[in-house]
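Listing of entry23.pdb, PDB, C-alpha atoms
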ATOM      1  CA  MET A   1    -109.089 -50.517  10.832
ATOM      2  CA  ALA A   2    -112.812 -49.797  10.662
ATOM      3  CA  ARG A   3    -113.952 -46.780  12.656
ATOM      4  CA  HIS A   4    -116.846 -47.169  15.049
ATOM      5  CA  GLU A   5    -119.932 -45.153  14.314
ATOM      6  CA  VAL A   6    -122.056 -43.443  16.897
ATOM      7  CA  LEU A   7    -125.488 -41.954  16.428
ATOM      8  CA  ARG A   8    -125.467 -38.164  16.714
ATOM      9  CA  PRO A   9    -128.888 -36.879  15.653
ATOM     10  CA  GLN A  10    -128.591 -33.387  14.242
ATOM     11  CA  ALA A  11    -130.954 -30.451  14.551
ATOM     12  CA  TRP A  12    -133.493 -30.063  11.754
ATOM     13  CA  ASP A  13    -132.427 -28.152   8.659
ATOM     14  CA  TRP A  14    -135.957 -27.951   7.315
ATOM     15  CA  PRO A  15    -139.042 -25.989   8.298
ATOM     16  CA  GLY A  16    -141.892 -27.790  10.023
ATOM     17  CA  PRO A  17    -144.110 -29.537  10.587
ATOM     18  CA  ARG A  18    -141.612 -32.308  11.135
ATOM     19  CA  VAL A  19    -142.001 -36.035  11.515
ATOM     20  CA  LEU A  20    -139.245 -38.214  12.914
ATOM     21  CA  LEU A  21    -139.435 -41.855  11.826
ATOM     22  CA  GLU A  22    -137.633 -44.144  14.231
ATOM     23  CA  ARG A  23    -136.262 -47.298  12.676
ATOM     24  CA  PRO A  24    -138.890 -47.881   9.988
ATOM     25  CA  SER A  25    -138.488 -51.031   7.955
ATOM     26  CA  ALA A  26    -136.349 -50.653   4.866
ATOM     27  CA  GLU A  27    -139.178 -51.801   2.590
ATOM     28  CA  GLU A  28    -141.751 -49.356   3.928
ATOM     29  CA  THR A  29    -139.529 -46.333   4.430
ATOM     30  CA  PRO A  30    -139.535 -44.830   0.894
ATOM     31  CA  ALA A  31    -143.326 -44.936   0.558
ATOM     32  CA  ARG A  32    -143.843 -43.473   4.016
ATOM     33  CA  ILE A  33    -141.360 -40.678   3.419
ATOM     34  CA  ASP A  34    -142.954 -39.870   0.068
ATOM     35  CA  ALA A  35    -146.476 -39.794   1.507
ATOM     36  CA  LEU A  36    -145.487 -37.624   4.449
ATOM     37  CA  ARG A  37    -143.495 -35.210   2.292
ATOM     38  CA  ARG A  38    -146.345 -34.848  -0.185
ATOM     39  CA  ALA A  39    -148.638 -34.097   2.751
ATOM     40  CA  GLY A  40    -146.334 -31.202   3.662
ATOM     41  CA  TYR A  41    -144.086 -32.702   6.317
ATOM     42  CA  ALA A  42    -140.354 -32.565   6.639
ATOM     43  CA  VAL A  43    -139.100 -36.033   7.480
ATOM     44  CA  ALA A  44    -136.051 -37.431   9.237
ATOM     45  CA  VAL A  45    -135.228 -41.089   9.572
ATOM     46  CA  CYS A  46    -133.431 -42.434  12.614
ATOM     47  CA  PRO A  47    -131.926 -45.891  12.095
ATOM     48  CA  GLY A  48    -131.874 -46.372  15.855
ATOM     49  CA  PRO A  49    -128.811 -47.102  17.937
ATOM     50  CA  THR A  50    -126.629 -50.080  17.184
ATOM     51  CA  ALA A  51    -126.536 -52.982  19.601
ATOM     52  CA  GLU A  52    -123.415 -51.545  21.202
ATOM     53  CA  GLU A  53    -124.658 -48.046  21.876
ATOM     54  CA  ARG A  54    -127.344 -46.352  23.871
ATOM     55  CA  CYS A  55    -129.998 -44.189  22.246
ATOM     56  CA  PRO A  56    -128.801 -40.584  22.676
ATOM     57  CA  LEU A  57    -132.300 -39.687  23.812
ATOM     58  CA  ALA A  58    -131.836 -41.838  26.890
ATOM     59  CA  GLY A  59    -128.381 -40.415  27.579
ATOM     60  CA  ASP A  60    -127.091 -37.072  28.738
ATOM     61  CA  GLU A  61    -126.574 -35.754  25.208
ATOM     62  CA  GLY A  62    -130.256 -35.960  24.226
ATOM     63  CA  CYS A  63    -131.606 -36.069  20.689
ATOM     64  CA  ALA A  64    -131.863 -32.794  18.776
ATOM     65  CA  ALA A  65    -134.018 -34.420  16.095
ATOM     66  CA  ALA A  66    -136.574 -35.643  18.645
ATOM     67  CA  HIS A  67    -136.632 -32.289  20.414
ATOM     68  CA  GLY A  68    -137.336 -30.503  17.135
ATOM     69  CA  ALA A  69    -139.977 -32.932  15.880
ATOM     70  CA  ASP A  70    -143.721 -32.306  15.884
ATOM     71  CA  VAL A  71    -144.538 -36.013  15.813
ATOM     72  CA  ILE A  72    -142.470 -39.148  16.289
ATOM     73  CA  VAL A  73    -143.425 -42.392  14.606
ATOM     74  CA  SER A  74    -141.580 -45.178  16.364
ATOM     75  CA  SER A  75    -141.109 -48.582  14.819
ATOM     76  CA  LEU A  76    -138.667 -49.652  17.514
ATOM     77  CA  ARG A  77    -139.424 -53.160  18.663
ATOM     78  CA  LEU A  78    -140.836 -53.018  22.183
ATOM     79  CA  GLU A  79    -139.351 -56.417  22.997
ATOM     80  CA  SER A  80    -135.953 -54.726  23.094
ATOM     81  CA  VAL A  81    -134.892 -53.241  26.430
ATOM     82  CA  GLU A  82    -133.058 -50.440  24.604
ATOM     83  CA  ALA A  83    -136.207 -49.561  22.660
ATOM     84  CA  ARG A  84    -138.304 -49.393  25.809
ATOM     85  CA  GLU A  85    -135.616 -47.269  27.462
ATOM     86  CA  ALA A  86    -135.680 -44.861  24.509
ATOM     87  CA  LEU A  87    -139.472 -44.636  24.511
ATOM     88  CA  ALA A  88    -139.575 -44.125  28.266
ATOM     89  CA  ALA A  89    -137.047 -41.308  27.877
ATOM     90  CA  LEU A  90    -139.244 -39.789  25.171
ATOM     91  CA  ARG A  91    -142.286 -39.891  27.447
ATOM     92  CA  THR A  92    -140.319 -38.332  30.289
ATOM     93  CA  ARG A  93    -138.340 -35.690  28.451
ATOM     94  CA  LEU A  94    -140.944 -34.686  25.888
ATOM     95  CA  PRO A  95    -144.265 -35.420  27.560
ATOM     96  CA  ARG A  96    -146.287 -33.200  25.195
ATOM     97  CA  LEU A  97    -144.789 -34.571  21.992
ATOM     98  CA  PRO A  98    -147.146 -36.921  20.122
ATOM     99  CA  VAL A  99    -145.536 -40.337  19.737
ATOM    100  CA  LEU A 100    -147.153 -42.933  17.514
ATOM    101  CA  ILE A 101    -145.879 -46.444  18.098
ATOM    102  CA  GLU A 102    -146.022 -49.193  15.532
ATOM    103  CA  ALA A 103    -146.679 -52.310  17.605
ATOM    104  CA  ASP A 104    -149.002 -55.262  17.645
ATOM    105  CA  ALA A 105    -151.791 -55.411  20.179
ATOM    106  CA  ALA A 106    -150.000 -57.920  22.401
ATOM    107  CA  ALA A 107    -146.931 -55.724  22.788
ATOM    108  CA  ALA A 108    -149.095 -52.671  23.401
ATOM    109  CA  SER A 109    -151.016 -54.385  26.183
ATOM    110  CA  ARG A 110    -147.795 -55.658  27.736
ATOM    111  CA  TRP A 111    -146.283 -52.187  28.024
ATOM    112  CA  PRO A 112    -149.291 -49.862  28.487
ATOM    113  CA  GLU A 113    -147.146 -47.171  30.104
ATOM    114  CA  LEU A 114    -145.351 -46.779  26.754
ATOM    115  CA  VAL A 115    -148.159 -47.397  24.277
ATOM    116  CA  ARG A 116    -150.952 -45.194  25.510
ATOM    117  CA  HIS A 117    -154.493 -45.351  24.231
ATOM    118  CA  GLY A 118    -154.707 -44.022  20.711
ATOM    119  CA  ASP A 119    -150.950 -44.051  20.151
ATOM    120  CA  ARG A 120    -150.696 -47.472  18.594
ATOM    121  CA  LEU A 121    -150.188 -47.979  14.881
ATOM    122  CA  GLU A 122    -150.901 -51.327  13.346
ATOM    123  CA  PRO A 123    -147.636 -52.815  12.010
ATOM    124  CA  GLY A 124    -147.366 -52.285   8.278
ATOM    125  CA  ILE A 125    -149.811 -49.380   8.315
ATOM    126  CA  ALA A 126    -150.445 -47.956   4.853
ATOM    127  CA  PRO A 127    -148.681 -44.667   4.061
ATOM    128  CA  SER A 128    -151.964 -42.807   3.494
ATOM    129  CA  GLU A 129    -153.308 -43.975   6.829
ATOM    130  CA  LEU A 130    -150.045 -43.018   8.505
ATOM    131  CA  VAL A 131    -150.439 -39.502   7.148
ATOM    132  CA  GLU A 132    -153.959 -39.328   8.601
ATOM    133  CA  ARG A 133    -152.729 -40.488  11.992
ATOM    134  CA  VAL A 134    -149.887 -37.971  11.952
ATOM    135  CA  GLU A 135    -152.262 -35.162  11.008
ATOM    136  CA  ALA A 136    -154.614 -36.172  13.807
ATOM    137  CA  ALA A 137    -151.760 -36.332  16.296
ATOM    138  CA  ILE A 138    -150.553 -32.862  15.379
ATOM    139  CA  SER A 139    -154.005 -31.354  15.513
ATOM    140  CA  LYS A 140    -154.528 -33.239  18.794
ATOM    141  CA  GLU A 141    -157.803 -34.623  17.632
ATOM    142  CA  PRO A 142    -158.861 -37.666  19.593
ATOM    143  CA  VAL A 143    -158.016 -40.793  17.684
ATOM    144  CA  VAL A 144    -160.247 -43.813  18.021
ATOM    145  CA  SER A 145    -158.372 -47.052  17.594
ATOM    146  CA  ASP A 146    -157.933 -50.471  19.123
TER     147      ASP A 146
ATOM    148  CA  MET B 147    -122.139 -32.318  27.115
ATOM    149  CA  THR B 148    -121.547 -34.823  24.359
ATOM    150  CA  SER B 149    -119.516 -37.856  25.403
ATOM    151  CA  PRO B 150    -116.470 -38.445  23.212
ATOM    152  CA  PHE B 151    -116.844 -42.165  23.811
ATOM    153  CA  ARG B 152    -119.068 -44.570  21.942
ATOM    154  CA  SER B 153    -120.017 -46.568  24.984
ATOM    155  CA  GLU B 154    -119.221 -47.090  28.646
ATOM    156  CA  ALA B 155    -117.070 -50.069  27.651
ATOM    157  CA  GLN B 156    -114.936 -47.867  25.424
ATOM    158  CA  ALA B 157    -114.551 -45.284  28.190
ATOM    159  CA  PHE B 158    -113.529 -48.051  30.603
ATOM    160  CA  ARG B 159    -110.920 -49.380  28.147
ATOM    161  CA  PHE B 160    -109.524 -45.882  27.848
ATOM    162  CA  LEU B 161    -109.370 -45.580  31.656
ATOM    163  CA  LEU B 162    -107.514 -48.898  31.904
ATOM    164  CA  LEU B 163    -104.990 -47.691  29.335
ATOM    165  CA  ILE B 164    -104.363 -44.499  31.298
ATOM    166  CA  ALA B 165    -103.918 -46.566  34.475
ATOM    167  CA  ALA B 166    -101.416 -48.858  32.735
ATOM    168  CA  GLY B 167     -99.474 -45.859  31.428
ATOM    169  CA  THR B 168     -99.409 -44.315  34.889
ATOM    170  CA  VAL B 169     -98.092 -47.556  36.426
ATOM    171  CA  ALA B 170     -95.353 -47.728  33.772
ATOM    172  CA  VAL B 171     -94.298 -44.144  34.495
ATOM    173  CA  VAL B 172     -94.251 -44.735  38.273
ATOM    174  CA  LEU B 173     -92.170 -47.917  37.889
ATOM    175  CA  ALA B 174     -89.745 -46.192  35.533
ATOM    176  CA  HIS B 175     -89.410 -43.338  38.014
ATOM    177  CA  ALA B 176     -88.734 -45.775  40.863
ATOM    178  CA  PHE B 177     -86.381 -48.240  39.199
ATOM    179  CA  ALA B 178     -84.861 -46.645  36.106
ATOM    180  CA  GLY B 179     -82.846 -43.615  35.165
ATOM    181  CA  THR B 180     -84.022 -40.304  33.790
ATOM    182  CA  THR B 181     -83.588 -41.304  30.162
ATOM    183  CA  VAL B 182     -85.772 -44.395  30.543
ATOM    184  CA  LEU B 183     -88.341 -42.348  32.479
ATOM    185  CA  VAL B 184     -88.564 -39.778  29.672
ATOM    186  CA  VAL B 185     -88.895 -42.509  27.048
ATOM    187  CA  VAL B 186     -91.655 -44.243  29.041
ATOM    188  CA  CYS B 187     -93.504 -40.957  29.547
ATOM    189  CA  VAL B 188     -93.384 -40.186  25.834
ATOM    190  CA  LEU B 189     -94.497 -43.711  24.870
ATOM    191  CA  ALA B 190     -97.315 -43.673  27.416
ATOM    192  CA  ALA B 191     -98.578 -40.302  26.141
ATOM    193  CA  LEU B 192     -98.375 -41.427  22.518
ATOM    194  CA  GLY B 193    -100.141 -44.703  23.350
ATOM    195  CA  VAL B 194    -103.023 -42.981  25.118
ATOM    196  CA  ALA B 195    -103.372 -40.400  22.337
ATOM    197  CA  ALA B 196    -103.284 -43.084  19.637
ATOM    198  CA  ALA B 197    -105.867 -45.198  21.452
ATOM    199  CA  TYR B 198    -108.152 -42.204  21.798
ATOM    200  CA  PHE B 199    -107.974 -41.165  18.167
ATOM    201  CA  VAL B 200    -108.040 -44.673  16.670
ATOM    202  CA  ASP B 201    -110.968 -45.768  18.816
ATOM    203  CA  ARG B 202    -112.811 -42.462  18.495
ATOM    204  CA  PRO B 203    -116.230 -42.948  16.927
ATOM    205  CA  VAL B 204    -117.449 -41.377  13.723
ATOM    206  CA  ALA B 205    -120.626 -39.368  14.138
ATOM    207  CA  ARG B 206    -123.594 -40.772  12.221
ATOM    208  CA  THR B 207    -126.370 -38.257  11.538
ATOM    209  CA  LEU B 208    -129.945 -38.828  10.417
ATOM    210  CA  ARG B 209    -131.194 -38.780   6.843
ATOM    211  CA  ALA B 210    -133.714 -36.008   6.368
ATOM    212  CA  ALA B 211    -135.731 -34.293   3.667
ATOM    213  CA  PRO B 212    -137.854 -31.146   3.427
ATOM    214  CA  PRO B 213    -141.535 -31.191   2.512
ATOM    215  CA  HIS B 214    -142.493 -31.730  -1.103
ATOM    216  CA  VAL B 215    -142.744 -28.521  -3.120
ATOM    217  CA  GLY B 216    -145.188 -28.031  -5.981
ATOM    218  CA  PRO B 217    -148.402 -29.767  -6.999
ATOM    219  CA  PRO B 218    -148.871 -33.091  -5.175
ATOM    220  CA  ASP B 219    -148.529 -35.175  -8.325
ATOM    221  CA  GLU B 220    -145.482 -33.369  -9.668
ATOM    222  CA  ARG B 221    -142.120 -35.071  -9.301
ATOM    223  CA  ARG B 222    -139.061 -32.849  -9.161
ATOM    224  CA  ALA B 223    -135.423 -33.800  -9.426
ATOM    225  CA  LEU B 224    -132.248 -31.963  -8.561
ATOM    226  CA  LEU B 225    -129.516 -32.684 -11.068
ATOM    227  CA  LEU B 226    -126.249 -32.080  -9.252
ATOM    228  CA  LEU B 227    -123.633 -31.295 -11.848
ATOM    229  CA  ALA B 228    -120.567 -32.425  -9.926
ATOM    230  CA  GLU B 229    -118.709 -33.554 -13.033
ATOM    231  CA  ASN B 230    -119.703 -33.764 -16.673
ATOM    232  CA  VAL B 231    -123.050 -32.978 -18.202
ATOM    233  CA  PRO B 232    -125.194 -36.125 -18.583
ATOM    234  CA  GLY B 233    -125.723 -37.445 -22.087
ATOM    235  CA  PRO B 234    -129.005 -37.631 -24.033
ATOM    236  CA  ALA B 235    -129.764 -41.205 -22.936
ATOM    237  CA  SER B 236    -129.455 -40.326 -19.242
ATOM    238  CA  LEU B 237    -131.606 -37.239 -19.695
ATOM    239  CA  ALA B 238    -134.232 -39.249 -21.559
ATOM    240  CA  ARG B 239    -134.414 -41.729 -18.667
ATOM    241  CA  LEU B 240    -134.751 -38.822 -16.252
ATOM    242  CA  ARG B 241    -137.652 -37.458 -18.290
ATOM    243  CA  GLU B 242    -139.499 -40.751 -17.862
ATOM    244  CA  ARG B 243    -139.761 -40.285 -14.094
ATOM    245  CA  CYS B 244    -139.539 -36.529 -13.457
ATOM    246  CA  ASP B 245    -141.723 -33.575 -14.384
ATOM    247  CA  ARG B 246    -139.287 -30.792 -13.537
ATOM    248  CA  VAL B 247    -135.536 -30.640 -13.136
ATOM    249  CA  LEU B 248    -133.300 -28.074 -11.502
ATOM    250  CA  VAL B 249    -129.676 -28.263 -12.610
ATOM    251  CA  VAL B 250    -127.368 -27.350  -9.713
ATOM    252  CA  ALA B 251    -123.780 -26.556 -10.706
ATOM    253  CA  PRO B 252    -121.505 -26.134  -7.684
ATOM    254  CA  VAL B 253    -118.699 -23.620  -8.074
ATOM    255  CA  ASP B 254    -115.555 -25.682  -8.486
ATOM    256  CA  THR B 255    -112.618 -23.927  -6.800
ATOM    257  CA  PRO B 256    -109.914 -26.534  -6.304
ATOM    258  CA  GLY B 257    -106.636 -26.072  -4.481
ATOM    259  CA  LEU B 258    -104.821 -22.798  -4.896
ATOM    260  CA  ARG B 259    -107.689 -21.143  -6.709
ATOM    261  CA  HIS B 260    -109.792 -21.509  -3.564
ATOM    262  CA  TRP B 261    -107.112 -19.929  -1.384
ATOM    263  CA  ALA B 262    -106.408 -17.251  -3.955
ATOM    264  CA  SER B 263    -110.147 -16.476  -3.970
ATOM    265  CA  ASP B 264    -110.287 -16.861  -7.736
ATOM    266  CA  VAL B 265    -114.002 -17.482  -7.524
ATOM    267  CA  ASP B 266    -115.114 -15.229 -10.378
ATOM    268  CA  ARG B 267    -113.607 -17.475 -13.024
ATOM    269  CA  ALA B 268    -114.848 -20.604 -11.240
ATOM    270  CA  ARG B 269    -118.335 -19.127 -10.999
ATOM    271  CA  SER B 270    -118.445 -18.246 -14.695
ATOM    272  CA  GLN B 271    -117.270 -21.783 -15.558
ATOM    273  CA  ALA B 272    -119.978 -23.248 -13.339
ATOM    274  CA  ARG B 273    -122.545 -21.033 -15.017
ATOM    275  CA  ALA B 274    -121.392 -22.186 -18.459
ATOM    276  CA  ARG B 275    -121.668 -25.851 -17.405
ATOM    277  CA  MET B 276    -125.097 -25.212 -15.922
ATOM    278  CA  GLU B 277    -126.356 -23.452 -19.048
ATOM    279  CA  ASP B 278    -125.015 -26.249 -21.234
ATOM    280  CA  ALA B 279    -126.779 -28.861 -19.077
ATOM    281  CA  VAL B 280    -130.058 -26.926 -19.039
ATOM    282  CA  SER B 281    -129.895 -26.584 -22.809
ATOM    283  CA  ARG B 282    -129.311 -30.321 -23.258
ATOM    284  CA  ALA B 283    -132.082 -31.139 -20.789
ATOM    285  CA  ARG B 284    -134.497 -28.957 -22.706
ATOM    286  CA  ASP B 285    -133.391 -30.640 -25.921
ATOM    287  CA  ALA B 286    -134.421 -33.876 -24.201
ATOM    288  CA  ARG B 287    -137.838 -32.223 -23.606
ATOM    289  CA  LEU B 288    -137.324 -31.820 -19.872
ATOM    290  CA  ASP B 289    -138.825 -28.844 -18.031
ATOM    291  CA  ALA B 290    -135.425 -27.657 -16.815
ATOM    292  CA  SER B 291    -133.932 -24.612 -15.129
ATOM    293  CA  GLY B 292    -130.616 -24.114 -13.392
ATOM    294  CA  VAL B 293    -128.653 -22.388 -10.656
ATOM    295  CA  VAL B 294    -125.012 -21.978  -9.720
ATOM    296  CA  GLY B 295    -124.544 -23.413  -6.252
ATOM    297  CA  ASP B 296    -122.178 -23.331  -3.331
ATOM    298  CA  GLU B 297    -118.725 -24.845  -3.802
ATOM    299  CA  ASP B 298    -119.702 -27.494  -1.252
ATOM    300  CA  PRO B 299    -122.004 -29.838  -3.232
ATOM    301  CA  LEU B 300    -123.999 -30.733  -0.107
ATOM    302  CA  ALA B 301    -124.592 -27.078   0.706
ATOM    303  CA  ALA B 302    -125.568 -26.484  -2.920
ATOM    304  CA  VAL B 303    -128.146 -29.281  -2.726
ATOM    305  CA  ASP B 304    -129.410 -27.998   0.641
ATOM    306  CA  ASP B 305    -129.978 -24.534  -0.851
ATOM    307  CA  ALA B 306    -131.769 -25.950  -3.891
ATOM    308  CA  LEU B 307    -134.009 -28.167  -1.769
ATOM    309  CA  ARG B 308    -135.094 -25.143   0.267
ATOM    310  CA  THR B 309    -136.264 -23.216  -2.782
ATOM    311  CA  PHE B 310    -137.051 -25.662  -5.569
ATOM    312  CA  GLY B 311    -137.775 -28.705  -3.430
ATOM    313  CA  GLY B 312    -136.910 -32.043  -4.932
ATOM    314  CA  ASP B 313    -138.140 -35.596  -4.685
ATOM    315  CA  GLU B 314    -134.906 -37.085  -5.944
ATOM    316  CA  VAL B 315    -131.263 -36.079  -6.208
ATOM    317  CA  VAL B 316    -129.552 -37.152  -9.411
ATOM    318  CA  ALA B 317    -125.801 -36.774  -9.056
ATOM    319  CA  ALA B 318    -123.683 -36.488 -12.191
ATOM    320  CA  THR B 319    -120.593 -37.835 -10.499
ATOM    321  CA  SER B 320    -118.397 -40.900 -10.285
ATOM    322  CA  ASP B 321    -117.103 -39.910  -6.855
ATOM    323  CA  PRO B 322    -118.244 -42.659  -4.454
ATOM    324  CA  ALA B 323    -117.535 -40.471  -1.423
ATOM    325  CA  LEU B 324    -119.871 -37.756  -2.684
ATOM    326  CA  LEU B 325    -122.566 -40.303  -3.493
ATOM    327  CA  ALA B 326    -122.249 -41.842  -0.030
ATOM    328  CA  ALA B 327    -122.421 -38.423   1.590
ATOM    329  CA  LEU B 328    -125.579 -37.579  -0.353
ATOM    330  CA  ARG B 329    -127.193 -40.902   0.555
ATOM    331  CA  ASP B 330    -126.274 -40.469   4.217
ATOM    332  CA  ARG B 331    -127.751 -36.989   4.267
ATOM    333  CA  TYR B 332    -131.038 -37.086   2.378
ATOM    334  CA  ALA B 333    -134.151 -39.161   2.996
ATOM    335  CA  ILE B 334    -135.082 -39.022  -0.694
ATOM    336  CA  PRO B 335    -133.726 -41.222  -3.479
ATOM    337  CA  VAL B 336    -130.190 -40.398  -4.572
ATOM    338  CA  THR B 337    -129.265 -41.790  -7.961
ATOM    339  CA  THR B 338    -126.385 -41.239 -10.328
ATOM    340  CA  VAL B 339    -125.957 -40.704 -14.046
TER     341      VAL B 339
END

Represent the structure of the file as structure tokens.
Amino acid sequence: MARHEVLRPQAWDWPGPRVLLERPSAEETPARIDALRRAGYAVAVCPGPTAEERCPLAGDEGCAAAHGADVIVSSLRLESVEAREALAALRTRLPRLPVLIEADAAAASRWPELVRHGDRLEPGIAPSELVERVEAAISKEPVVSD
Amino acid sequence: MTSPFRSEAQAFRFLLLIAAGTVAVVLAHAFAGTTVLVVVCVLAALGVAAAYFVDRPVARTLRAAPPHVGPPDERRALLLLAENVPGPASLARLRERCDRVLVVAPVDTPGLRHWASDVDRARSQARARMEDAVSRARDARLDASGVVGDEDPLAAVDDALRTFGGDEVVAATSDPALLAALRDRYAIPVTTV
């Protein structure tokens, strides 16, 4: 009988600065990880909760990986209720943590409380540009976009 | 507190099972003798325990990796020597994609030797395997060095990543469980030779 799996994000083993990638696409993940690591970041990849489970961040247990991150890059699809719940929990529980959200302009304008000005990443953003956006987010420089 | 249940639905199923067991015990107490009551109690307890352990979820952690170490263009590999030393062809292929290699030989202390703390002999054997692998890697014109690592291969790789870094883990193993564990743990490529 197959055992059920449940997401239990662990605390970071590596020194910072740390970038948590939330559900990046399988094709883009290796290049993004490589670019971020070569720019000096520790990286963790969250596959996101399965359809049957709730994101730990939105539950009582919380998410140790998110709490220990310096930046979160979310590729969760905003059309999903669970994704919006997770992002809302991020905004509430970690209000000072920079969160960059990969979303198209239509989704960003539909949920402005989640995708704040300057937080949006164009879907399929190039790894080098992602590194620049992460660096800007950590240094809290104003980012001009949209 | 971390919930032992995967979802609210699973917790509800577990609650229903406890309720059914309780009803069975109450009915046995009301309408049957002591022997039947004891049997029902035992079966109910075993059923609840079995349901809990069978339906208990497996924790799934995140893949992670430390920052790159070394010059930006340099590619480093950790060669985890879990079994035999890779042959010349494998080392030649490794040279095509890596600039530096760190051979990590975990101390192998199986069974009684672990409990008897016979680690000195295991450590010297690991060192010999490591030195053999480093020598072969250098023969294959790889920039190679080596360390003896923890008996837990994952801990050995963790330690090596902290000091040497590593953009790839190359596992000299045919153990699918070890390969799966490495791939579940690290956000860098894990290959095998």

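The nearest approach to chain B among the residues A:Gly48, A:Pro24, A:Pro112, A:Pro9, with all atoms listed in the file taken into account, belongs to A:Pro9.
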
(request) Name the residues captured by the PyMOL selection byres ((chain A and resi 14) around 10) when it is applied to the shown file; answer as a PyMOL selection string. (result) (chain A and resi 11-13+15-18+41-44) or (chain B and resi 210-213+304+307-308)

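Between CA of Pro56 (chain A) and CA of Ala89 (chain A) there is a distance of 9.8 Å.
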
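For the file shown, the residue list from the ChimeraX specification (/B :<7) & /A reads Arg3, His4, Glu5, Val6, Leu7, Arg8, Pro9, Gln10, Trp14, Arg37, Arg38, Gly40, Tyr41, Ala42, Val43, Ala44, Val45, Cys46, Glu53 and Glu61 of chain A.
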
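Neighbours of Val339 (chain B) closer than or equal to 9 Å, with all atoms listed in the file counted and sequence neighbours fewer than 5 positions away skipped, come out as Pro232, Gly233, Ser236, Leu237, Val316, Ala317, Ala318, Thr319 and Ser320 of chain B.
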
(message) List the spatial neighbours of region 186-190 of chain B as a VMD selection string - criterion: any atom at most 7 Å away, all atoms listed in the file, same-chain residues fewer than 4 positions off excluded.
(response) chain B and resid 167 170 to 171 182 194

(message) Given all atoms listed in the file as the basis, pick out the residue of A:Arg110, A:His67, A:Lys140, A:Arg77 nearest to Arg91 (chain A).
(response) A:His67

(request) Apply the PyMOL selection byres ((chain B and resi 254) around 9) to the file shown and report the selected residues as a PyMOL selection string. (result) chain B and resi 228+251-253+255-256+260+265+268-269+271-272+296-298

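Candidate residues A:Ala126, A:Ala88, A:Arg93, A:Ala137 were compared for distance to Glu113 (chain A), and the nearest is A:Ala88, using all atoms listed in the file.
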
(request) Figure out the distance between CA of Glu242 (chain B) and CA of Leu227 (chain B), please, to one decimal in Å. (result)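 According to the coordinates, CA of Leu227 (chain B) and CA of Glu242 (chain B) are separated by 19.4 Å.
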